[in-house]
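J.: This is the content of my_file.cif (mmCIF, C-alpha atoms and all ligand atoms):
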```
data_run
#
loop_
_atom_site.label_atom_id
_atom_site.label_comp_id
_atom_site.auth_asym_id
_atom_site.auth_seq_id
_atom_site.Cartn_x
_atom_site.Cartn_y
_atom_site.Cartn_z
CA MET A 195 -2.57 -6.83 0.30
CA LEU A 196 -0.31 -7.04 3.32
CA ARG A 197 -0.04 -9.45 6.23
CA THR A 198 2.24 -10.22 9.12
CA SER A 199 2.48 -13.33 11.24
CA GLY A 200 4.10 -13.44 14.66
CA LEU A 201 5.97 -10.25 13.85
CA THR A 202 8.37 -9.42 16.66
CA LYS A 203 11.15 -6.87 17.16
CA GLN A 204 13.38 -6.78 20.19
CA PHE A 205 15.87 -4.07 21.05
CA GLY A 206 18.07 -5.77 23.64
CA GLY A 207 15.67 -6.77 26.42
CA LEU A 208 12.82 -4.59 25.16
CA THR A 209 10.14 -6.12 22.93
CA ALA A 210 8.98 -3.16 20.83
CA VAL A 211 6.71 -5.26 18.55
CA ASP A 212 5.39 -8.42 20.16
CA ASP A 213 4.05 -11.34 18.10
CA VAL A 214 1.77 -9.24 15.86
CA ASP A 215 -0.59 -10.96 13.42
CA PHE A 216 -1.97 -8.29 11.14
CA ALA A 217 -3.71 -8.18 7.76
CA LEU A 218 -4.68 -5.27 5.51
CA GLY A 219 -7.28 -6.07 2.88
CA GLU A 220 -7.69 -4.61 -0.59
CA GLY A 221 -9.28 -1.15 -0.46
CA GLU A 222 -9.22 -1.11 3.34
CA LEU A 223 -8.27 1.88 5.47
CA CYS A 224 -6.91 0.62 8.77
CA SER A 225 -5.51 2.84 11.52
CA LEU A 226 -2.82 1.74 13.92
CA ILE A 227 -3.08 3.55 17.25
CA GLY A 228 -1.61 3.26 20.71
CA PRO A 229 0.00 5.34 23.41
CA ASN A 230 3.51 6.75 23.03
CA GLY A 231 6.08 3.97 22.83
CA ALA A 232 3.45 1.36 21.85
CA GLY A 233 5.52 0.22 18.85
CA LYS A 234 3.73 1.91 15.93
CA THR A 235 6.85 3.40 14.33
CA THR A 236 8.80 0.17 14.85
CA PHE A 237 5.95 -1.74 13.15
CA PHE A 238 6.08 0.67 10.16
CA ASP A 239 9.88 0.35 10.06
CA LEU A 240 9.55 -3.44 9.93
CA LEU A 241 6.94 -3.33 7.14
CA THR A 242 9.08 -1.05 5.01
CA GLY A 243 12.38 -2.89 5.50
CA VAL A 244 13.99 -0.15 7.58
CA LEU A 245 14.31 -2.68 10.43
CA THR A 246 14.71 -6.47 10.25
CA PRO A 247 12.37 -8.49 12.50
CA THR A 248 13.66 -10.63 15.33
CA ALA A 249 10.94 -13.17 14.47
CA GLY A 250 7.86 -13.55 12.30
CA THR A 251 7.05 -12.91 8.66
CA ILE A 252 5.81 -10.08 6.43
CA GLU A 253 4.11 -10.72 3.10
CA VAL A 254 2.69 -8.43 0.42
CA ARG A 255 0.44 -9.50 -2.41
CA ASP A 256 1.09 -8.45 -5.98
CA ARG A 257 -0.38 -9.67 -9.26
CA GLU A 258 1.43 -12.98 -8.94
CA GLY A 259 0.37 -13.75 -5.38
CA TRP A 260 1.85 -13.41 -1.90
CA ARG A 261 5.54 -12.59 -1.60
CA ASP A 262 7.66 -12.87 1.49
CA VAL A 263 9.27 -9.49 2.20
CA THR A 264 10.42 -10.27 5.73
CA ASP A 265 14.06 -9.53 4.93
CA ALA A 266 13.49 -7.13 2.03
CA THR A 267 15.20 -3.74 1.80
CA PRO A 268 13.17 -0.49 1.66
CA TYR A 269 13.86 -0.35 -2.08
CA GLU A 270 12.54 -3.89 -2.59
CA THR A 271 9.36 -3.29 -0.55
CA ALA A 272 8.73 -0.06 -2.49
CA SER A 273 9.19 -1.83 -5.81
CA LEU A 274 6.55 -4.35 -4.67
CA GLY A 275 4.06 -1.52 -4.22
CA LEU A 276 4.41 -0.66 -0.51
CA HIS A 277 5.02 3.07 -0.08
CA ARG A 278 5.32 5.18 3.02
CA SER A 279 4.84 8.87 3.62
CA TYR A 280 7.44 9.87 6.17
CA GLN A 281 6.75 12.33 8.92
CA ILE A 282 10.12 13.80 8.06
CA THR A 283 10.87 12.93 4.48
CA ASN A 284 13.81 13.02 2.17
CA VAL A 285 12.21 15.95 0.40
CA PHE A 286 14.70 18.18 -1.43
CA PRO A 287 14.01 21.41 0.47
CA THR A 288 15.37 23.85 -2.09
CA SER A 289 13.69 22.17 -5.07
CA THR A 290 10.19 23.10 -6.08
CA VAL A 291 7.17 21.04 -5.14
CA LEU A 292 6.78 20.03 -8.79
CA GLU A 293 10.41 18.93 -9.06
CA ASN A 294 10.16 16.82 -5.91
CA VAL A 295 7.15 14.93 -7.25
CA ARG A 296 8.53 14.73 -10.80
CA VAL A 297 11.77 13.16 -9.56
CA ALA A 298 9.80 10.63 -7.46
CA ALA A 299 7.64 9.71 -10.47
CA GLN A 300 10.74 9.33 -12.63
CA ALA A 301 12.49 7.14 -10.06
CA ALA A 302 9.41 4.93 -9.68
CA SER A 303 9.05 4.49 -13.44
CA GLY A 304 12.54 3.07 -13.78
CA ASP A 305 13.28 5.72 -16.42
CA ALA A 306 16.12 7.25 -14.41
CA ALA A 307 18.84 5.07 -15.92
CA LYS A 308 17.78 5.66 -19.53
CA PHE A 309 16.58 9.18 -18.88
CA TRP A 310 18.86 11.02 -21.29
CA ARG A 311 18.01 8.63 -24.11
CA ASN A 312 14.28 9.09 -23.67
CA ALA A 313 13.23 12.58 -24.72
CA GLY A 314 9.53 12.00 -24.01
CA ALA A 315 10.05 10.75 -20.48
CA PHE A 316 10.66 14.16 -18.91
CA GLU A 317 7.37 15.58 -20.20
CA ARG A 318 5.52 12.46 -19.16
CA HIS A 319 6.81 12.71 -15.60
CA VAL A 320 6.03 16.43 -15.43
CA GLU A 321 2.46 15.70 -16.50
CA GLU A 322 2.19 12.91 -13.95
CA ALA A 323 3.52 15.23 -11.23
CA HIS A 324 0.94 17.90 -12.11
CA ARG A 325 -1.83 15.31 -11.98
CA ILE A 326 -0.72 14.17 -8.50
CA LEU A 327 -0.35 17.75 -7.22
CA ASP A 328 -3.87 18.47 -8.42
CA ARG A 329 -5.09 15.41 -6.57
CA VAL A 330 -3.50 16.35 -3.23
CA GLY A 331 -4.49 20.02 -3.55
CA LEU A 332 -1.01 21.45 -4.13
CA SER A 333 -1.30 22.75 -7.70
CA ALA A 334 -1.10 26.37 -6.59
CA GLU A 335 2.24 25.63 -4.86
CA ALA A 336 3.80 23.70 -7.77
CA HIS A 337 6.59 26.26 -8.25
CA THR A 338 7.14 27.00 -4.55
CA THR A 339 10.26 25.55 -2.94
CA ALA A 340 9.46 22.68 -0.56
CA GLU A 341 11.18 24.42 2.34
CA SER A 342 8.78 27.39 2.21
CA LEU A 343 5.60 25.33 2.46
CA SER A 344 3.34 25.44 5.51
CA HIS A 345 3.26 22.38 7.79
CA GLY A 346 0.00 21.20 6.24
CA ALA A 347 1.31 21.60 2.70
CA LYS A 348 4.48 19.67 3.63
CA ARG A 349 2.33 16.75 4.74
CA GLN A 350 0.45 16.99 1.41
CA LEU A 351 3.77 16.94 -0.45
CA GLU A 352 4.85 13.81 1.45
CA VAL A 353 1.65 12.07 0.36
CA ALA A 354 2.20 13.32 -3.22
CA ILE A 355 5.71 11.83 -3.26
CA ALA A 356 4.37 8.51 -1.96
CA LEU A 357 1.64 8.56 -4.65
CA ALA A 358 4.27 9.21 -7.32
CA GLY A 359 5.65 5.74 -6.55
CA ASP A 360 2.38 4.29 -7.89
CA PRO A 361 1.77 2.28 -4.69
CA ASP A 362 -0.73 -0.51 -4.06
CA VAL A 363 -0.46 -0.04 -0.30
CA LEU A 364 0.13 3.37 1.26
CA LEU A 365 1.52 3.66 4.78
CA LEU A 366 0.63 7.11 6.08
CA ASP A 367 2.91 8.17 8.90
CA GLU A 368 1.22 10.88 10.98
CA PRO A 369 -0.06 12.96 8.04
CA ASN A 370 -1.46 15.46 10.54
CA ALA A 371 1.79 16.04 12.46
CA GLY A 372 2.40 19.72 13.09
CA VAL A 373 -0.72 20.76 11.22
CA SER A 374 -2.98 23.41 12.76
CA SER A 375 -6.42 22.34 13.96
CA GLU A 376 -8.05 24.44 11.19
CA SER A 377 -6.43 22.19 8.59
CA VAL A 378 -7.67 18.87 10.00
CA GLY A 379 -10.56 18.80 7.52
CA ARG A 380 -8.13 19.12 4.62
CA ILE A 381 -6.05 16.20 5.89
CA ILE A 382 -9.19 14.07 6.36
CA ASP A 383 -10.23 14.83 2.76
CA LEU A 384 -6.77 13.90 1.52
CA ILE A 385 -6.69 10.58 3.42
CA GLU A 386 -10.18 9.66 2.22
CA ASP A 387 -9.26 10.52 -1.34
CA VAL A 388 -6.11 8.37 -1.44
CA ALA A 389 -8.00 5.55 0.32
CA SER A 390 -10.53 5.50 -2.50
CA ASP A 391 -8.07 3.62 -4.72
CA HIS A 392 -5.37 2.32 -2.38
CA ALA A 393 -5.18 0.10 0.68
CA VAL A 394 -4.05 2.43 3.47
CA LEU A 395 -2.45 1.82 6.86
CA LEU A 396 -2.51 5.01 8.91
CA VAL A 397 -0.59 5.93 12.05
CA GLU A 398 -2.17 9.04 13.48
CA HIS A 399 -2.42 10.51 16.98
CA ASN A 400 -5.42 12.70 16.22
CA MET A 401 -8.44 10.61 17.21
CA ASP A 402 -10.80 12.90 15.34
CA ILE A 403 -9.09 11.85 12.11
CA VAL A 404 -8.83 8.18 13.09
CA MET A 405 -12.51 7.95 14.05
CA ASN A 406 -13.59 9.75 10.87
CA VAL A 407 -11.68 7.87 8.22
CA SER A 408 -10.99 4.32 9.43
CA ASP A 409 -12.75 1.15 8.35
CA ARG A 410 -10.92 -0.64 11.15
CA VAL A 411 -8.68 0.33 14.04
CA VAL A 412 -5.88 -1.80 15.52
CA VAL A 413 -4.57 -0.85 18.96
CA LEU A 414 -1.01 -1.58 20.02
CA ASN A 415 0.18 -1.38 23.60
CA GLN A 416 3.68 -2.36 24.68
CA GLY A 417 4.18 -3.88 21.24
CA ALA A 418 1.17 -6.19 21.29
CA VAL A 419 -2.27 -5.90 19.67
CA ILE A 420 -4.73 -5.36 22.54
CA ALA A 421 -7.86 -4.61 20.48
CA GLU A 422 -9.11 -4.27 16.93
CA GLY A 423 -12.42 -3.56 15.27
CA GLU A 424 -14.63 -0.77 14.03
CA PRO A 425 -13.69 2.69 15.33
CA GLU A 426 -16.57 3.17 17.78
CA ALA A 427 -16.20 -0.30 19.28
CA VAL A 428 -12.49 0.26 19.81
CA ARG A 429 -13.03 3.70 21.33
CA ASN A 430 -15.45 2.20 23.88
CA ASP A 431 -13.28 -0.81 24.68
CA PRO A 432 -12.29 -0.64 28.38
CA THR A 433 -8.93 -2.33 27.65
CA VAL A 434 -8.09 0.43 25.18
CA GLN A 435 -9.16 3.19 27.54
CA GLU A 436 -7.06 1.65 30.29
CA ALA A 437 -4.01 1.49 27.99
CA TYR A 438 -4.30 5.19 27.16
CA LEU A 439 -5.05 6.30 30.69
CA GLY A 440 -2.15 4.22 31.99
CA GLY A 441 0.20 5.61 29.36
CA TYR A 442 1.78 8.93 28.71
CA GLU A 443 -1.24 10.44 26.96
CA ALA A 444 -3.89 10.38 29.64
CA GLY A 445 -7.17 11.57 28.23
CA SER A 446 -6.05 11.68 24.62
CA LEU A 447 -8.35 8.92 23.35
CA GLY A 448 -11.36 10.79 22.09
CA ASP A 449 -10.13 14.14 23.32
CA THR A 450 -9.71 15.47 19.85
CA GLU A 451 -8.71 19.00 20.76
CA SER A 452 -5.68 17.93 22.79
CA ASP A 453 -4.37 15.89 19.86
CA SER A 454 -3.66 18.93 17.74
CA ASP A 455 -0.25 20.40 18.14
CA PRO A 456 -0.82 23.68 19.98
CA THR A 457 2.45 25.02 18.57
CA ALA A 458 1.45 24.19 14.99
CA ASP A 459 1.80 27.11 12.67
CA ASP A 460 0.22 26.29 9.40
CA ALA A 461 1.04 29.64 7.90
CA GLY A 462 4.78 29.23 7.56
CA ALA A 463 7.72 26.88 7.30
CA ASP A 464 8.94 25.13 10.42
CA PRO A 465 12.30 26.60 11.34
CA GLU A 466 13.13 23.59 13.51
CA GLU A 467 12.31 20.93 10.98
CA GLY A 468 15.55 21.23 9.05
CA THR A 469 14.15 19.57 5.97
CA ALA A 470 10.84 20.18 4.29
N1 LIG A 501 16.37 1.84 17.83
C1 LIG A 501 15.85 1.58 19.04
N2 LIG A 501 16.62 1.10 20.03
C2 LIG A 501 16.11 0.81 21.25
N3 LIG A 501 14.81 0.98 21.57
C3 LIG A 501 14.00 1.48 20.62
C4 LIG A 501 14.46 1.81 19.31
N4 LIG A 501 13.41 2.28 18.58
C5 LIG A 501 12.33 2.25 19.40
N5 LIG A 501 12.68 1.77 20.63
C6 LIG A 501 11.79 1.55 21.74
O1 LIG A 501 10.74 0.70 21.28
C7 LIG A 501 9.49 1.08 21.87
C8 LIG A 501 8.49 1.38 20.78
O2 LIG A 501 8.85 2.61 20.16
P1 LIG A 501 8.09 3.21 18.88
O3 LIG A 501 8.82 4.45 18.49
O4 LIG A 501 7.92 2.15 17.87
O5 LIG A 501 6.67 3.59 19.51
P2 LIG A 501 5.51 4.50 18.91
O6 LIG A 501 4.24 3.79 19.20
O7 LIG A 501 5.81 4.83 17.49
O8 LIG A 501 5.63 5.80 19.81
P3 LIG A 501 5.22 7.33 19.45
O9 LIG A 501 3.74 7.35 19.36
O10 LIG A 501 5.74 8.07 20.65
O11 LIG A 501 5.92 7.69 18.18
C9 LIG A 501 9.79 2.27 22.78
O12 LIG A 501 9.95 1.80 24.10
C10 LIG A 501 11.07 2.82 22.23
O13 LIG A 501 11.82 3.47 23.25
#
```
Show the structure stored in the file as structure tokens.
T.:
Amino acid sequence: MLRTSGLTKQFGGLTAVDDVDFALGEGELCSLIGPNGAGKTTFFDLLTGVLTPTAGTIEVRDREGWRDVTDATPYETASLGLHRSYQITNVFPTSTVLENVRVAAQAASGDAAKFWRNAGAFERHVEEAHRILDRVGLSAEAHTTAESLSHGAKRQLEVAIALAGDPDVLLLDEPNAGVSSESVGRIIDLIEDVASDHAVLLVEHNMDIVMNVSDRVVVLNQGAVIAEGEPEAVRNDPTVQEAYLGGYEAGSLGDTESDSDPTADDAGADPEEGTA
């Protein structure tokens, strides 16, 4: 569904992503892990056209075969079926949950331009939005404004908006960020559900989630892939343990408790987040 070859990104003298060959198969759920500064966000930014690579190629497969998206814009990669849930999204904070998802479904359908000439389109997109909210477990919050959602519900809304784009490949960007440890099970259920009919690439710091949901784990360190394989094998790999212990997150690999944000408050909106 997605592959990179020799993918490299340099910022001045720093190589943030270093010659990465990566492939995501149909129906696969692959997690990308690594210590802080390993290059995970830069890799996601390259895949989604937010950043342009210094070297290497990115290809996605659609019905007609492989397409080179190395220099594609975010809009072009999205229209080829590659969608990303952002840790901080462009959610409209004062709009309702339903409106946010309805607008995303409308934009993805291409109906926006002919919207006023197509009386049935609005109802169709509302129905689609309700179906997606049901799927991610947000039906009860459909008429709540996005800004008043809990942290966990905001992450669910981000996934809902990504689903509204009708993606083939879903890039999940820390879906557990800021979520209380009690809600981890809900996030695991959500990831497993969306992975049942999409290829998923997950960046997630919580090893409990990574070990639970992944078919395969790829480990980045200083921009390069240092290990990949099934979750247990990767967890026990001495090279991986060394990378974590030598990094900023000593002890975090497999220490599932310390991965939850101790300041997470799942009961209310995040006053510091600014947007939903
Ligand atoms: N725009 C930029 N300009 C210069 N350096 C950057 C830029 N973006 C990222 N970097 C550097 O590239 C390296 C990789 O950063 P990146 O954010 O991709 O890592 P990460 O694995 O996502 O980290 P974290 O887990 O902390 O989010 C870091 O050393 C970072 O400081």
J.: What's the separation between CA of Gly250 in chain A and atom P2 of ligand LIG 501 (chain A), in Å to one decimal place?
T.: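 Taking CA of Gly250 in chain A as the start and atom P2 of ligand LIG 501 (chain A) as the end point, the length is 19.4 Å.
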J.: Set the distance at 8 Å and use all atoms listed in the file: which residues neighbour Leu292 in chain A once local chain neighbours fewer than 2 positions away are removed? I'd like the list as a VMD selection string.
T.: chain A and resid 290 294 to 296 320 323 to 324 327 336 to 337
J.: Within 6 Å of (0.7, -8.6, 2.8) (file coordinates; only C-alpha atoms), which protein or nucleic acid residues are there? I'd like them as a ChimeraX atom specification.
T.: /A:195-197,253-255
J.: Measuring atom to atom with only C-alpha atoms and all ligand atoms, identify which of A:Glu376, A:Leu396, A:Gly314, A:Asn406 is nearest to ligand LIG 501 (chain A).
T.: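 The answer is A:Leu396, which sits nearest to ligand LIG 501 (chain A).
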J.: Check the smallest atom-to-atom distance from each of A:Glu293, A:Asp409, A:Asp362, A:Asp367 to Glu335 in chain A using all atoms listed in the file, then report the winner.
T.: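 Selected residue with least distance to Glu335 in chain A: A:Glu293.
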J.: Please identify the residues whose atoms come within 7 Å of ligand LIG 501 (chain A), using all atoms listed in the file, and report them as a PDB file with C-alpha atoms, in the coordinates of the input.
T.:
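Dumped to pocket.pdb:
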```pdb
ATOM      1  CA  PHE A 205      15.870  -4.070  21.050  1.00  0.00           C
ATOM      2  CA  LEU A 208      12.820  -4.590  25.160  1.00  0.00           C
ATOM      3  CA  ALA A 210       8.980  -3.160  20.830  1.00  0.00           C
ATOM      4  CA  GLY A 228      -1.610   3.260  20.710  1.00  0.00           C
ATOM      5  CA  PRO A 229       0.000   5.340  23.410  1.00  0.00           C
ATOM      6  CA  ASN A 230       3.510   6.750  23.030  1.00  0.00           C
ATOM      7  CA  GLY A 231       6.080   3.970  22.830  1.00  0.00           C
ATOM      8  CA  ALA A 232       3.450   1.360  21.850  1.00  0.00           C
ATOM      9  CA  GLY A 233       5.520   0.220  18.850  1.00  0.00           C
ATOM     10  CA  LYS A 234       3.730   1.910  15.930  1.00  0.00           C
ATOM     11  CA  THR A 235       6.850   3.400  14.330  1.00  0.00           C
ATOM     12  CA  THR A 236       8.800   0.170  14.850  1.00  0.00           C
ATOM     13  CA  PHE A 237       5.950  -1.740  13.150  1.00  0.00           C
ATOM     14  CA  GLY A 417       4.180  -3.880  21.240  1.00  0.00           C
TER      15      GLY A 417
END
```
J.: With only C-alpha atoms as the atoms that count, which of A:Gly259, A:Gly206, A:Gly346, A:Pro268 lies nearest to Arg380 in chain A?
T.: A:Gly346
J.: Nearest to Val413 in chain A among A:Phe286, A:Phe316, A:Trp260, A:Phe216, with distances taken over all atoms listed in the file: which residue is it?
T.: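 Answer, going by the shortest atom-to-atom distance: A:Phe216.
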J.: Mind pulling up the distance from CA of Arg410 in chain A to CA of Ala393 in chain A?
T.: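 Separation between CA of Ala393 in chain A and CA of Arg410 in chain A: 12.0 Å.
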J.: Considering only C-alpha atoms, state which residue in the set A:Glu341, A:Asp262, A:Asp256, A:Glu222 is at the smallest distance from Ser199 in chain A.
T.: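 Closest to Ser199 in chain A of all the choices is A:Asp262.
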J.: Interatomic distance between CA of Thr209 in chain A and CA of Pro247 in chain A?
T.: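 Distance between the two atoms: 10.9 Å.
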J.: Give the answer as one residue: which of A:Glu352, A:Ile420, A:Val330, A:Ser289 has the shortest atom-to-atom distance to Pro432 in chain A, using only C-alpha atoms?
T.: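 Comparing A:Glu352, A:Ile420, A:Val330, A:Ser289 against Pro432 in chain A, the winner is A:Ile420.
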J.: Need the shell around range 424-426 of chain A: protein/DNA/RNA residues with any atom at most 10 Å away, counting only C-alpha atoms. Skip same-chain ones fewer than 4 positions apart. Format as a short mmCIF file (atom, residue, chain, number, x, y, z; two decimals) with C-alpha atoms, keeping the file's coordinate frame?
T.:
```cif
data_model
loop_
_atom_site.label_atom_id
_atom_site.label_comp_id
_atom_site.auth_asym_id
_atom_site.auth_seq_id
_atom_site.Cartn_x
_atom_site.Cartn_y
_atom_site.Cartn_z
CA CYS A 224 -6.91 0.62 8.77
CA SER A 225 -5.51 2.84 11.52
CA MET A 401 -8.44 10.61 17.21
CA VAL A 404 -8.83 8.18 13.09
CA MET A 405 -12.51 7.95 14.05
CA ASN A 406 -13.59 9.75 10.87
CA VAL A 407 -11.68 7.87 8.22
CA SER A 408 -10.99 4.32 9.43
CA ASP A 409 -12.75 1.15 8.35
CA ARG A 410 -10.92 -0.64 11.15
CA VAL A 411 -8.68 0.33 14.04
CA VAL A 412 -5.88 -1.80 15.52
CA ASN A 430 -15.45 2.20 23.88
CA ASP A 431 -13.28 -0.81 24.68
#
```
J.: Could you give me, as a PyMOL selection string, the residues within 12 Å of Leu357 in chain A, counting all atoms listed in the file and dropping anything in the same chain fewer than 4 positions from it?
T.: chain A and resi 272+275-279+294-296+298-299+302+322-330+350-353+361-366+384-385+387-389+391-392+394
J.: Taking (6.6, -4.2, 8.1) in the file's own coordinates, collect the residues within 9 Å, counting all atoms listed in the file, and hand them back as a list in words.
T.: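 In the file's frame, the residues around the point are Leu196, Arg197, Thr198, Leu201, Thr236, Phe237, Phe238, Asp239, Leu240, Leu241, Thr242, Gly243, Val244, Leu245, Thr246, Pro247, Thr251, Ile252, Glu253, Val263 and Thr264 of chain A.
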